[in-house]
Amino acid sequence: MTDFTVARRHMVDGQVRPNDVTDLRVISAMLEVARERFVPPAASALAYLDLDLAVGEGASRRLLKPMVLAKLINAADLSPTDRVLAVGCATGYAAGVLARIAGAVVALEQDAGLAKTARAALSSLPNVTVVSGPLVDGWPLAAPYDVILLEGATEVEPVTFCAQLKDGGRLLCVLGSPPGAKAMLYLRSGAEMGGRAIFDAAAAVLPGFVKPPVFAF
């Protein structure tokens, strides 16, 4: 039987700490949140491996690799009063980590089954609200946010989320598809949002974030 406490420690020591995650609050949160509770029971032994874990009906969605998630949250430079929107929360693991650092988390999921799982898994956290709706629309009802995290890749720049960020707010995501995908940090300044690559990363593309096909005539 897997000792999940030991596996969690090995994940942090082997995947998170060596990859420039310097925010001790991120490390502490990832040591506290039981990732095995957010994956299908049959896959619980895989919960702390360095891979994108399949979740949802037909294994259609993925949880971000622990290292990628930790580095994205580290780059967000969260404060204890920040309001965060987690787009594509799936079963809620990242929202659980964020809730231990930020003031409030809105976890958005469009898949009804995944949203139900997330609500159950996060029910003990009073500062997390799981909401349902199209991922590409964000959640303007609770905007503006200090930080928006896309829990997956987007093939198009996420400029449509600018209006849901506070001035000076940050958006973190993985942009593009392998082999050229990058983790990105976007900052809102006035009505504009500019981004820069912060590390190489890869993730499954979120529903609705696929680049439209270009037809050549």
# chains A, B, ... in the order shown; residues from 1 in each chain; ligands from 1
>>> residues_around(residues="A:Asp3", least_positions_apart="4", cutoff="12 Å", atoms="only C-alpha atoms", output="PDB file with N, CA and C atoms, in the first residue's frame")
ATOM      1  N   ALA A   7       5.061   9.761  -0.069  1.00  0.00           N
ATOM      2  CA  ALA A   7       5.047  10.079  -1.497  1.00  0.00           C
ATOM      3  C   ALA A   7       4.928  11.576  -1.726  1.00  0.00           C
ATOM      4  N   ARG A   8       4.138  12.242  -0.897  1.00  0.00           N
ATOM      5  CA  ARG A   8       3.973  13.701  -1.014  1.00  0.00           C
ATOM      6  C   ARG A   8       5.299  14.404  -0.728  1.00  0.00           C
ATOM      7  N   ARG A   9       5.985  13.954   0.282  1.00  0.00           N
ATOM      8  CA  ARG A   9       7.291  14.535   0.619  1.00  0.00           C
ATOM      9  C   ARG A   9       8.292  14.308  -0.506  1.00  0.00           C
ATOM     10  N   HIS A  10       8.297  13.120  -1.083  1.00  0.00           N
ATOM     11  CA  HIS A  10       9.204  12.839  -2.192  1.00  0.00           C
ATOM     12  C   HIS A  10       8.871  13.715  -3.401  1.00  0.00           C
ATOM     13  N   ALA A  34      -3.598  16.680  -0.076  1.00  0.00           N
ATOM     14  CA  ALA A  34      -3.518  15.257  -0.426  1.00  0.00           C
ATOM     15  C   ALA A  34      -3.930  15.067  -1.883  1.00  0.00           C
ATOM     16  N   GLU A  36      -3.833  12.613  -3.804  1.00  0.00           N
ATOM     17  CA  GLU A  36      -4.506  11.348  -4.110  1.00  0.00           C
ATOM     18  C   GLU A  36      -6.031  11.477  -4.002  1.00  0.00           C
ATOM     19  N   SER A  44      -4.714   6.302  -7.740  1.00  0.00           N
ATOM     20  CA  SER A  44      -4.168   6.967  -6.560  1.00  0.00           C
ATOM     21  C   SER A  44      -2.674   6.714  -6.372  1.00  0.00           C
ATOM     22  N   ALA A  45      -2.198   5.542  -6.775  1.00  0.00           N
ATOM     23  CA  ALA A  45      -0.772   5.236  -6.635  1.00  0.00           C
ATOM     24  C   ALA A  45       0.090   6.092  -7.550  1.00  0.00           C
ATOM     25  N   LEU A  46      -0.533   6.719  -8.550  1.00  0.00           N
ATOM     26  CA  LEU A  46       0.198   7.561  -9.494  1.00  0.00           C
ATOM     27  C   LEU A  46       0.148   9.042  -9.107  1.00  0.00           C
ATOM     28  N   ALA A  47      -0.530   9.361  -8.017  1.00  0.00           N
ATOM     29  CA  ALA A  47      -0.860  10.748  -7.698  1.00  0.00           C
ATOM     30  C   ALA A  47       0.359  11.655  -7.598  1.00  0.00           C
ATOM     31  N   TYR A  48       1.494  11.137  -7.166  1.00  0.00           N
ATOM     32  CA  TYR A  48       2.648  11.996  -6.904  1.00  0.00           C
ATOM     33  C   TYR A  48       3.775  11.823  -7.918  1.00  0.00           C
TER      34      TYR A  48
END
>>> residues_around(residues="A:Pro207", least_positions_apart="3", cutoff="12 Å", atoms="only C-alpha atoms", output="PyMOL selection string")
chain A and resi 60-62+87-90+109-111+133-137+150-155+204+210-211
>>> write_last_selection(atoms="C-alpha atoms", output="CSV table (one decimal), in the first residue's frame")
chain,number,residue,atom,x,y,z
A,60,SER,CA,-10.4,13.5,-21.1
A,61,ARG,CA,-8.7,16.0,-18.8
A,62,ARG,CA,-5.4,16.3,-17.0
A,87,VAL,CA,-9.8,28.3,-15.0
A,88,GLY,CA,-10.3,24.6,-15.7
A,89,CYS,CA,-10.1,23.5,-12.1
A,90,ALA,CA,-10.9,19.8,-13.0
A,109,GLU,CA,-15.1,24.1,-14.4
A,110,GLN,CA,-17.4,23.4,-17.3
A,111,ASP,CA,-17.5,19.6,-17.0
A,133,GLY,CA,-19.5,27.6,-17.0
A,134,PRO,CA,-17.6,27.7,-20.2
A,135,LEU,CA,-13.9,28.0,-19.5
A,136,VAL,CA,-13.2,30.4,-22.3
A,137,ASP,CA,-15.7,32.9,-20.7
A,150,LEU,CA,-5.3,28.6,-16.5
A,151,GLU,CA,-4.9,25.0,-15.4
A,152,GLY,CA,-3.8,23.7,-18.8
A,153,ALA,CA,-2.5,25.0,-22.1
A,154,THR,CA,-4.0,27.5,-24.5
A,155,GLU,CA,-3.0,27.7,-28.2
A,204,ALA,CA,-3.0,19.4,-22.2
A,210,VAL,CA,-7.6,25.3,-29.4
A,211,LYS,CA,-6.3,27.6,-32.1
>>> closest_residue(among="A:Met67, A:Ala29, A:Val55, A:Leu141", to="A:Arg17", atoms="only C-alpha atoms")
A:Met67
>>> select_by_dssp(residues="stretch 21-198 of chain A", states="helix (DSSP H, G or I)", output="PyMOL selection string")
chain A and resi 24-32+35-38+41-46+57-59+66-76+93-99+112-121+135-137+140-142+159-164
>>> closest_residue(among="A:Ala120, A:Ala43, A:Ala191, A:Val174", to="A:Thr160", atoms="only C-alpha atoms")
A:Ala191
>>> closest_residue(among="A:Ala203, A:Leu175, A:Met11, A:Val105", to="A:Leu122", atoms="only C-alpha atoms")
A:Val105
>>> closest_residue(among="A:Ala75, A:Val147, A:Ala183, A:Leu64", to="A:Ala102", atoms="only C-alpha atoms")
A:Val147
>>> closest_residue(among="A:Leu24, A:Ala121, A:Ala104, A:Val131", to="A:Val39", atoms="only C-alpha atoms")
A:Ala121
>>> closest_residue(among="A:Arg188, A:Ser177, A:Ala112, A:Gly14", to="A:Leu206", atoms="only C-alpha atoms")
A:Ser177
>>> residues_around(residues="A:Ala86", least_positions_apart="3", cutoff="12 Å", atoms="only C-alpha atoms", output="PyMOL selection string")
chain A and resi 69+72-73+83+89-99+102+104-109+118+128-132+135-136+138-139+145-152+161+171-173
>>> select_by_dssp(residues="stretch 130-172 of chain A", states="strand (DSSP E)", output="MDAnalysis selection string")
chainID A and resid 130:132 145:154 165:172
>>> atom_distance(atom1="atom CA of A:Val205", atom2="atom CA of A:Pro126")
29.5 Å
>>> residues_around(residues="A:Val26", least_positions_apart="4", cutoff="7 Å", atoms="only C-alpha atoms", output="PyMOL selection string")
chain A and resi 30+70+74
